[in-house]
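File shown: input23.txt (compact mmCIF, C-alpha atoms).
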```txt
# COMPACT_ATOMS: atom_id res chain seq x y z
CA MET A 1143 132.12 146.63 86.97
CA LYS A 1144 128.67 146.65 85.40
CA ARG A 1145 127.89 143.26 86.92
CA CYS A 1146 128.99 144.49 90.33
CA LEU A 1147 126.76 147.52 90.11
CA ILE A 1148 123.76 145.45 89.01
CA GLU A 1149 124.32 143.10 91.93
CA GLY A 1150 124.61 146.12 94.20
CA MET A 1151 121.31 147.46 92.96
CA ALA A 1152 119.60 144.13 93.60
CA SER A 1153 120.75 143.93 97.20
CA ALA A 1154 120.02 147.64 97.62
CA LYS A 1155 116.43 146.89 96.71
CA GLU A 1156 116.29 144.10 99.25
CA LEU A 1157 117.73 146.40 101.85
CA SER A 1158 115.31 149.15 100.88
CA ASP A 1159 112.34 146.78 101.20
CA PHE A 1160 113.59 145.57 104.55
CA LEU A 1161 114.07 149.08 105.92
CA LYS A 1162 110.70 150.16 104.59
CA GLY A 1163 109.12 147.23 106.41
CA VAL A 1164 110.74 147.89 109.76
CA GLU A 1165 111.07 151.67 109.92
CA ALA A 1166 107.69 152.40 111.53
CA LYS A 1167 107.97 149.55 114.00
CA SER A 1168 111.50 150.43 114.99
CA PHE A 1169 110.52 154.06 115.44
CA LYS A 1170 107.60 153.10 117.67
CA ARG A 1171 109.57 150.66 119.79
CA THR A 1172 112.30 153.27 120.27
CA VAL A 1173 109.69 155.80 121.35
CA TYR A 1174 108.36 153.28 123.87
CA SER A 1175 111.77 153.05 125.48
CA THR A 1176 113.13 156.60 125.06
CA ARG A 1177 109.79 158.45 125.31
CA ASP A 1178 111.25 161.04 122.98
CA GLU A 1179 110.20 161.21 119.32
CA GLU A 1180 113.17 163.27 118.13
CA ALA A 1181 115.64 160.96 119.83
CA ALA A 1182 113.81 157.94 118.42
CA LEU A 1183 114.07 159.35 114.89
CA ASP A 1184 117.81 159.94 115.33
CA ILE A 1185 118.33 156.47 116.76
CA VAL A 1186 116.43 154.83 113.90
CA GLN A 1187 118.38 156.83 111.34
CA ASP A 1188 121.72 155.93 112.95
CA SER A 1189 120.75 152.27 113.06
CA MET A 1190 119.74 152.27 109.41
CA MET A 1191 123.02 153.93 108.44
CA LYS A 1192 125.05 151.42 110.44
CA LEU A 1193 123.16 148.51 108.92
CA ALA A 1194 123.61 149.82 105.37
CA GLU A 1195 127.27 150.76 105.77
CA LYS A 1196 128.54 147.76 107.68
CA TYR A 1197 126.13 144.94 106.99
CA GLY A 1198 124.50 145.99 103.72
CA ASP A 1199 126.07 143.07 101.87
CA ARG A 1200 124.75 140.42 104.22
CA ASP A 1201 122.10 137.96 103.24
CA ALA A 1202 118.58 139.39 103.41
CA ALA A 1203 117.57 136.71 105.92
CA GLU A 1204 120.22 137.89 108.36
CA LEU A 1205 119.14 141.54 108.28
CA PRO A 1206 116.30 141.42 110.87
CA LEU A 1207 118.47 140.02 113.65
CA ILE A 1208 121.40 142.28 112.86
CA TYR A 1209 119.15 145.32 112.66
CA THR A 1210 117.46 144.49 115.96
CA ARG A 1211 120.86 144.21 117.63
CA ILE A 1212 122.04 147.50 116.10
CA LEU A 1213 118.86 149.25 117.20
CA GLN A 1214 119.28 147.89 120.74
CA ASN A 1215 122.88 149.06 120.93
CA THR A 1216 122.15 152.49 119.47
CA THR A 1217 119.32 152.95 121.95
CA LEU A 1218 121.62 151.92 124.80
CA ASP A 1219 124.23 154.40 123.59
CA TRP A 1220 121.56 157.10 123.63
CA PHE A 1221 120.67 156.25 127.22
CA ARG A 1222 124.34 156.38 128.20
CA ARG A 1223 124.73 159.79 126.57
CA GLN A 1224 121.56 160.97 128.28
CA LYS A 1225 122.93 159.86 131.62
CA THR A 1226 126.10 161.87 131.10
CA GLN A 1227 124.13 164.83 129.78
CA ASN A 1228 121.72 164.70 132.70
CA THR A 1229 124.60 164.83 135.13
CA TRP A 1230 125.67 168.11 133.59
CA VAL A 1231 122.10 169.34 133.32
CA SER A 1232 121.52 168.67 137.01
CA LEU A 1233 124.67 170.61 137.77
CA PHE A 1234 123.42 173.60 135.79
CA SER A 1235 119.72 173.01 136.38
CA SER A 1236 119.08 176.71 136.88
CA LEU A 1237 119.95 177.33 133.23
CA LYS A 1238 117.49 174.86 131.78
CA GLY A 1239 113.85 174.10 132.44
CA GLY A 1240 112.33 170.60 132.36
CA GLY A 1241 113.20 168.50 129.33
CA LYS A 1242 110.64 167.48 126.80
CA ASP A 1243 111.35 163.81 127.29
CA ASN A 1244 108.24 163.22 129.31
CA LEU A 1245 105.59 161.15 127.68
CA ASP A 1246 102.68 163.27 128.75
CA ASP A 1247 99.59 162.53 126.74
CA SER A 1248 99.29 166.16 125.75
CA ASP A 1249 102.93 166.36 124.70
CA TYR A 1250 103.22 163.02 122.97
CA SER A 1251 100.47 163.13 120.38
CA ASP A 1252 96.94 164.16 119.95
CA PRO A 1253 94.47 161.51 118.74
CA LEU A 1254 92.51 164.21 116.94
CA GLU A 1255 95.59 164.83 114.83
CA PHE A 1256 95.17 161.45 113.17
CA LEU A 1257 91.43 161.67 112.86
CA ASP A 1258 91.25 164.19 110.03
CA SER A 1259 93.50 162.27 107.69
CA SER A 1260 92.23 158.77 108.43
CA GLU A 1261 88.55 159.62 108.28
CA GLU A 1262 88.67 159.88 104.50
CA ASN A 1263 90.15 156.42 104.08
CA LEU A 1264 87.77 154.73 106.48
CA GLY A 1265 84.54 156.34 105.42
CA PHE A 1266 82.39 153.55 106.78
CA GLU A 1267 83.53 154.13 110.35
CA ASP A 1268 82.22 157.04 112.28
CA GLY A 1269 84.48 159.55 113.98
CA ALA A 1270 83.65 158.38 117.50
CA THR A 1271 84.70 154.79 116.77
CA ILE A 1272 87.98 155.90 115.20
CA LEU A 1273 88.71 158.23 118.08
CA GLU A 1274 87.96 155.51 120.57
CA ARG A 1275 90.23 153.07 118.76
CA GLN A 1276 93.02 155.64 118.59
CA GLN A 1277 92.67 156.28 122.30
CA VAL A 1278 92.90 152.57 123.04
CA ILE A 1279 96.05 152.38 120.92
CA LYS A 1280 97.55 155.32 122.80
CA ILE A 1281 96.72 153.76 126.13
CA ILE A 1282 98.26 150.43 125.18
CA GLU A 1283 101.34 152.17 123.82
CA ASN A 1284 101.63 154.00 127.11
CA GLU A 1285 101.28 150.75 129.00
CA ILE A 1286 103.98 149.21 126.82
CA SER A 1287 106.35 152.04 127.63
CA LYS A 1288 105.60 151.62 131.32
CA LEU A 1289 106.81 148.01 131.22
CA PRO A 1290 110.26 147.29 132.61
CA SER A 1291 112.71 147.48 129.72
CA ARG A 1292 113.60 143.76 129.66
CA GLN A 1293 109.95 142.74 129.70
CA ARG A 1294 109.12 145.21 126.95
CA GLU A 1295 112.05 144.07 124.87
CA ALA A 1296 111.16 140.41 125.23
CA PHE A 1297 107.48 141.00 124.54
CA LEU A 1298 108.07 143.11 121.44
CA MET A 1299 110.67 140.80 119.95
CA ARG A 1300 108.63 137.72 120.64
CA TYR A 1301 105.16 138.91 119.63
CA TRP A 1302 105.65 142.00 117.48
CA ASP A 1303 108.73 140.91 115.55
CA ASP A 1304 107.66 137.26 115.58
CA LEU A 1305 111.10 136.11 116.68
CA GLY A 1306 111.49 132.65 118.17
CA ILE A 1307 112.27 132.14 121.84
CA SER A 1308 115.85 131.09 121.10
CA GLU A 1309 116.46 134.10 118.84
CA THR A 1310 115.00 136.45 121.42
CA ALA A 1311 117.12 134.87 124.15
CA LYS A 1312 120.21 135.23 121.97
CA LEU A 1313 119.51 138.91 121.26
CA MET A 1314 118.77 139.63 124.90
CA ALA A 1315 121.75 137.61 126.08
CA CYS A 1316 119.67 135.63 128.55
CA SER A 1317 118.20 132.16 128.89
CA GLU A 1318 115.06 131.00 127.08
CA GLY A 1319 113.38 130.58 130.46
CA SER A 1320 113.97 134.25 131.23
CA VAL A 1321 112.42 135.24 127.92
CA LYS A 1322 109.30 133.23 128.74
CA THR A 1323 109.11 134.77 132.20
CA HIS A 1324 109.50 138.29 130.82
CA CYS A 1325 106.82 137.67 128.18
CA SER A 1326 104.43 136.16 130.68
CA ARG A 1327 104.80 139.06 133.10
CA ALA A 1328 104.41 141.60 130.30
CA CYS A 1329 101.26 139.87 129.09
CA SER A 1330 99.85 139.80 132.59
CA PHE A 1331 100.46 143.53 132.93
CA LEU A 1332 98.96 144.28 129.52
CA ALA A 1333 95.96 142.02 130.16
CA LYS A 1334 94.96 144.27 133.05
CA ALA A 1335 95.21 147.36 130.84
CA LEU A 1336 93.16 145.72 128.09
CA LYS A 1337 90.50 144.57 130.53
CA LYS A 1338 90.22 148.12 131.79
CA GLN A 1339 89.47 149.19 128.22
CA GLY A 1340 86.61 146.71 128.03
CA PHE A 1341 88.32 143.92 126.12
CA LYS A 1342 87.12 140.46 127.15
CA LEU A 1343 90.01 138.08 127.66
CA MET B 1001 106.51 123.37 128.59
CA SER B 1002 107.00 123.80 132.33
CA LYS B 1003 104.88 126.40 134.02
CA HIS B 1004 106.96 127.24 137.04
CA TYR B 1005 108.15 130.49 135.46
CA GLN B 1006 104.70 131.69 134.53
CA ASN B 1007 102.68 134.22 136.33
CA PRO B 1008 99.77 132.38 137.97
CA GLU B 1009 97.39 135.16 136.92
CA ILE B 1010 97.72 134.34 133.25
CA ASP B 1011 97.83 131.04 131.35
CA SER B 1012 99.47 130.42 128.01
CA LYS B 1013 96.21 130.66 126.05
CA GLN B 1014 95.36 133.99 127.60
CA GLU B 1015 98.93 135.14 127.12
CA LEU B 1016 98.68 134.44 123.42
CA GLU B 1017 95.34 136.21 123.24
CA VAL B 1018 96.75 139.30 124.96
CA ALA B 1019 99.83 139.20 122.76
CA LEU B 1020 97.81 139.00 119.54
CA LEU B 1021 95.44 141.76 120.58
CA THR B 1022 98.31 144.00 121.65
CA ARG B 1023 100.16 143.24 118.43
CA ASP B 1024 97.13 144.30 116.37
CA LEU B 1025 96.85 147.53 118.29
CA LEU B 1026 100.58 148.24 117.97
CA ASN B 1027 100.47 147.50 114.25
CA GLU B 1028 97.59 149.93 113.83
CA GLY B 1029 99.54 152.55 115.75
CA ALA B 1030 102.65 151.99 113.66
CA ALA B 1031 100.70 152.15 110.40
CA ASP B 1032 99.24 155.51 111.30
CA LEU B 1033 102.31 157.64 111.83
CA PRO B 1034 102.02 161.41 111.50
CA PRO B 1035 103.23 162.65 108.07
CA HIS B 1036 106.27 164.51 109.39
CA ILE B 1037 107.56 161.37 111.09
CA ALA B 1038 106.85 159.22 108.05
CA ASN B 1039 108.82 161.74 105.95
CA ARG B 1040 111.75 161.73 108.36
CA LEU B 1041 111.84 157.94 108.33
CA GLU B 1042 111.71 157.89 104.54
CA ASN B 1043 114.62 160.34 104.39
CA ALA B 1044 116.56 158.24 106.87
CA ARG B 1045 116.01 155.18 104.69
CA LYS B 1046 117.15 157.03 101.57
CA LEU B 1047 120.28 158.25 103.34
CA ALA B 1048 121.09 154.73 104.48
CA LEU B 1049 120.65 153.36 100.96
CA ALA B 1050 122.81 156.15 99.55
CA ALA B 1051 125.50 155.26 102.10
CA LYS B 1052 125.40 151.68 100.93
CA LEU B 1053 125.72 152.67 97.25
CA GLU B 1054 128.55 155.05 98.11
CA GLU B 1055 130.36 152.22 99.83
CA ARG B 1056 129.98 150.00 96.78
CA LYS B 1057 131.77 152.50 94.54
CA PRO B 1058 135.37 151.69 93.71
CA PHE B 1059 138.02 153.47 95.76
CA TRP B 1060 139.05 155.98 93.10
CA SER B 1061 135.53 157.15 92.28
CA HIS B 1062 134.62 158.17 95.82
CA ASN B 1063 133.48 161.69 96.38
CA TRP B 1064 136.44 162.99 98.32
CA VAL B 1065 134.88 166.31 99.21
CA ARG B 1066 133.36 165.58 102.60
CA GLU B 1067 130.88 167.78 104.39
CA GLY B 1068 133.13 168.28 107.38
CA PHE B 1069 136.03 169.14 105.12
CA LYS B 1070 133.98 171.60 103.12
CA ASN B 1071 132.64 173.43 106.16
CA SER B 1072 135.83 173.41 108.13
CA GLY B 1073 135.78 177.21 108.07
CA SER B 1074 139.49 177.50 107.42
CA THR B 1075 140.73 179.89 104.77
CA GLY B 1076 142.30 177.14 102.72
CA SER B 1077 139.20 174.98 102.42
CA ASP B 1078 138.17 176.37 99.02
CA TRP B 1079 141.38 175.74 97.17
CA ARG B 1080 141.68 172.37 98.89
CA ASN B 1081 138.21 171.40 97.74
CA ARG B 1082 138.94 172.61 94.22
CA ALA B 1083 142.20 170.68 94.19
CA TRP B 1084 140.46 167.53 95.34
CA SER B 1085 137.68 167.88 92.81
CA ALA B 1086 140.16 168.60 90.00
CA PHE B 1087 142.75 165.92 90.72
CA GLY B 1088 141.01 163.62 93.18
CA ALA B 1089 143.42 161.02 94.46
CA ALA B 1090 145.86 161.47 91.53
CA PRO B 1091 148.74 162.90 93.64
CA ILE B 1092 148.55 159.96 96.02
CA PHE B 1093 148.72 157.53 93.11
CA ALA B 1094 151.62 159.49 91.58
CA LEU B 1095 153.52 159.34 94.87
CA ALA B 1096 152.95 155.62 95.24
CA PHE B 1097 154.01 155.05 91.63
CA GLY B 1098 157.17 157.13 92.19
CA ILE B 1099 158.11 155.16 95.30
CA VAL B 1100 157.71 151.87 93.45
CA LEU B 1101 159.79 153.22 90.53
CA ILE B 1102 162.62 154.39 92.80
CA SER B 1103 162.74 151.14 94.73
CA ASN B 1104 162.91 149.19 91.43
CA TRP B 1105 165.72 151.39 90.18
CA GLN B 1106 167.67 150.92 93.43
CA GLN B 1107 167.22 147.19 93.22
CA ASP B 1108 168.51 147.17 89.62
CA GLU B 1109 171.57 149.19 90.64
CA ARG B 1110 172.37 146.75 93.39
CA ILE B 1111 172.04 143.80 91.05
CA MET B 1112 174.40 145.55 88.56
CA ASP B 1113 176.98 146.11 91.31
CA ILE B 1114 176.86 142.51 92.40
CA ALA B 1115 177.13 141.43 88.76
CA LYS B 1116 180.30 143.53 88.42
CA VAL B 1117 181.80 141.84 91.48
CA ASP B 1118 180.88 138.42 90.18
CA SER B 1119 182.33 139.08 86.75
CA ALA B 1120 185.55 140.41 88.27
CA ILE B 1121 185.87 137.29 90.38
CA LEU B 1122 185.20 135.05 87.37
CA VAL B 1123 187.79 136.83 85.22
CA ASP B 1124 190.19 136.31 88.11
CA VAL B 1125 191.72 139.76 88.10
CA VAL B 1126 191.30 139.90 91.85
CA PRO B 1127 194.55 139.48 93.78
CA PRO B 1128 194.14 136.93 96.59
CA HIS B 1129 194.87 139.38 99.39
CA ALA B 1130 192.09 141.63 98.09
CA TYR B 1131 189.60 139.16 99.50
CA LYS B 1132 190.84 140.08 102.96
CA ASP B 1133 190.46 143.77 102.25
CA ASP B 1134 187.38 145.44 103.63
CA GLY B 1135 187.15 147.68 100.61
CA PHE B 1136 187.49 144.98 97.99
CA VAL B 1137 184.03 145.63 96.66
CA ARG B 1138 185.08 149.20 96.00
CA TYR B 1139 188.18 147.86 94.33
CA LEU B 1140 186.12 145.69 92.05
CA ILE B 1141 183.71 148.46 91.22
CA THR B 1142 186.52 150.88 90.35
CA ASN B 1143 188.23 148.18 88.30
CA GLY B 1144 191.04 147.96 90.81
CA LYS B 1145 192.41 151.39 90.04
CA ASP B 1146 192.58 152.39 93.70
CA LEU B 1147 194.40 149.25 94.74
CA ALA B 1148 196.70 149.34 91.73
CA VAL B 1149 197.97 152.72 92.92
CA GLU B 1150 198.42 151.40 96.44
CA GLU B 1151 200.26 148.31 95.14
CA GLU B 1152 202.68 150.46 93.15
CA LYS B 1153 203.36 152.55 96.25
CA ALA B 1154 203.96 149.40 98.31
CA GLU B 1155 206.36 148.03 95.66
CA ASP B 1156 208.27 151.35 95.60
CA GLU B 1157 208.55 151.28 99.37
CA GLU B 1158 209.89 147.71 99.30
CA GLU B 1159 212.45 148.63 96.62
CA GLU B 1160 213.58 151.61 98.70
CA LYS B 1161 214.01 149.36 101.75
CA ILE B 1162 216.08 146.94 99.74
```

Write out the structure in this file as structure tokens.
Amino acid sequence: MKRCLIEGMASAKELSDFLKGVEAKSFKRTVYSTRDEEAALDIVQDSMMKLAEKYGDRDAAELPLIYTRILQNTTLDWFRRQKTQNTWVSLFSSLKGGGKDNLDDSDYSDPLEFLDSSEENLGFEDGATILERQQVIKIIENEISKLPSRQREAFLMRYWDDLGISETAKLMACSEGSVKTHCSRACSFLAKALKKQGFKL
Amino acid sequence: MSKHYQNPEIDSKQELEVALLTRDLLNEGAADLPPHIANRLENARKLALAAKLEERKPFWSHNWVREGFKNSGSTGSDWRNRAWSAFGAAPIFALAFGIVLISNWQQDERIMDIAKVDSAILVDVVPPHAYKDDGFVRYLITNGKDLAVEEEKAEDEEEEKI
């Protein structure tokens, strides 16, 4: 019994480290697709619970792929639920105003919100530089969420999660050629946005 | 690497450059989450880890009082919760143990009955025509008392006929 518990603690630590490493990224990528912070938090929490409950005993090396798949499926489920909900909402539209799912810049987040806390840590940078950088990040994040879902998925898995082409293709249930095409198109789209922000490519 | 799938506006070197730059920006964005979101994510992680530890516990040491059960709103939920917390899964184990005990006892009884039949056959107290009788097992179990009475009656009837 004792041995079992000690083993459990060891793998719990691995799982904890893994979740700690991916939680911010998975939250962000869910926001890019759902454009709703609250929903993204719920989706991430559900995914973490599913991973821990059903696949917590798996080898640590297998966790990233399993987690990515769970996150994808949970996000898809959310979209399905939204679709059903929206049908009802449209039926009773007079009862409810516009949802808060829109990713308006004003609604989503305010760059000044980050400035106060990060200014202390980065004392050598002046406020204008930090603000500018934050704005660029916001713009790129917006551009990412504007990408078609398959392109965004492929791009993020390939370049943000550092997954190989074959792994990405497997997770997206498509051919490796399609992954390359999606990535290339996404990069082309993002290159335009970056150039607009003054980046030389 | 064939290039037929690629967008002509961007080559692989530029693609990599864009990807790396975007990745850096996304990483910066992800590292700078507002505190309330970071807290929510931390709580989510803790809940997930607790769920994993809960699952690892042996069956009998689970916490049987579930949230949904507790807040069911029915009048009986309190005593049910108290009963669960006091006895846990003990009644279920007792029931299972009882079923096993009864089935063992029944099996023993059956073996004893068969043993009686066998011993009666071995001792050879069984009249040959008893084997044809549907109730011969009953005869053997009751030591042939039933049939003995019937035999006497049959003999009396035969004597009367004669």

Report, in Å with one decimal, the straight-line distance from CA of Thr1210 (chain A) to CA of Ala1333 (chain A).
25.9 Å

Name the residues within 12 Å of (113.2, 139.6, 121.9), counting only C-alpha atoms in the file's coordinates, and put them as a PyMOL selection string.
chain A and resi 1171+1206-1207+1210-1211+1214+1291-1318+1320-1322+1324-1325

Go ahead and write the residues just picked, C-alpha atoms, as a short mmCIF file (atom, residue, chain, number, x, y, z; two decimals), in the frame of the given file.
```cif
data_model
loop_
_atom_site.label_atom_id
_atom_site.label_comp_id
_atom_site.auth_asym_id
_atom_site.auth_seq_id
_atom_site.Cartn_x
_atom_site.Cartn_y
_atom_site.Cartn_z
CA ARG A 1171 109.57 150.66 119.79
CA PRO A 1206 116.30 141.42 110.87
CA LEU A 1207 118.47 140.02 113.65
CA THR A 1210 117.46 144.49 115.96
CA ARG A 1211 120.86 144.21 117.63
CA GLN A 1214 119.28 147.89 120.74
CA SER A 1291 112.71 147.48 129.72
CA ARG A 1292 113.60 143.76 129.66
CA GLN A 1293 109.95 142.74 129.70
CA ARG A 1294 109.12 145.21 126.95
CA GLU A 1295 112.05 144.07 124.87
CA ALA A 1296 111.16 140.41 125.23
CA PHE A 1297 107.48 141.00 124.54
CA LEU A 1298 108.07 143.11 121.44
CA MET A 1299 110.67 140.80 119.95
CA ARG A 1300 108.63 137.72 120.64
CA TYR A 1301 105.16 138.91 119.63
CA TRP A 1302 105.65 142.00 117.48
CA ASP A 1303 108.73 140.91 115.55
CA ASP A 1304 107.66 137.26 115.58
CA LEU A 1305 111.10 136.11 116.68
CA GLY A 1306 111.49 132.65 118.17
CA ILE A 1307 112.27 132.14 121.84
CA SER A 1308 115.85 131.09 121.10
CA GLU A 1309 116.46 134.10 118.84
CA THR A 1310 115.00 136.45 121.42
CA ALA A 1311 117.12 134.87 124.15
CA LYS A 1312 120.21 135.23 121.97
CA LEU A 1313 119.51 138.91 121.26
CA MET A 1314 118.77 139.63 124.90
CA ALA A 1315 121.75 137.61 126.08
CA CYS A 1316 119.67 135.63 128.55
CA SER A 1317 118.20 132.16 128.89
CA GLU A 1318 115.06 131.00 127.08
CA SER A 1320 113.97 134.25 131.23
CA VAL A 1321 112.42 135.24 127.92
CA LYS A 1322 109.30 133.23 128.74
CA HIS A 1324 109.50 138.29 130.82
CA CYS A 1325 106.82 137.67 128.18
#
```

Nearby residues, (101.4, 152.7, 126.1) file frame, 12 Å, only C-alpha atoms, as a PyMOL selection string:
(chain A and resi 1170-1171+1173-1175+1177+1245-1247+1250-1251+1276-1289+1294+1331-1332+1335-1336) or (chain B and resi 1022+1025-1026+1029)

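Among A:Ala1203, A:Met1190, A:Leu1183, A:Cys1329, the residue with the shortest atom-to-atom distance to Ile1037 (chain B), counting all atoms listed in the file, is A:Leu1183.
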
Draw an axis-aligned box over all listed atoms of region 1327-1332 of chain A, pad each side with 3 Å, and write its centre and edge lengths in Å, one decimal, as lines of an AutoDock Vina configuration file.
```
center_x = 101.9
center_y = 141.7
center_z = 131.1
size_x = 11.8
size_y = 11.2
size_z = 10.0
```

As an exercise, work out the distance from CA of Asp1199 (chain A) to CA of Arg1040 (chain B) in Å and give it to one decimal place.
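Result for CA of Asp1199 (chain A) versus CA of Arg1040 (chain B): 24.4 Å, one decimal.
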
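A straight line drawn from CA of Asp1159 (chain A) to CA of Leu1020 (chain B) is 24.7 Å long.
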
Set the distance at 10 Å and use only C-alpha atoms: which residues neighbour region 1156-1158 of chain A once local chain neighbours fewer than 3 positions away are removed? I'd like the list as a PyMOL selection string.
(chain A and resi 1150-1153+1161-1163+1190+1193-1194+1197-1202+1205) or (chain B and resi 1045-1046+1048-1049+1052)

Which polymer residues have any atom within 12 Å of an atom of Asp1219 (chain A), counting all atoms listed in the file, with same-chain residues fewer than 4 positions away left out, as a list in words?
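The filter keeps Thr1176, Ala1181, Asp1184, Ile1185, Asp1188, Ser1189, Ile1212, Leu1213, Gln1214, Asn1215, Arg1223, Gln1224, Lys1225 and Thr1226 of chain A.
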
With distances taken over all atoms listed in the file, the candidate from A:Gln1187, A:Gly1340, A:Gln1227, A:Ile1208 nearest chain B is A:Gln1187
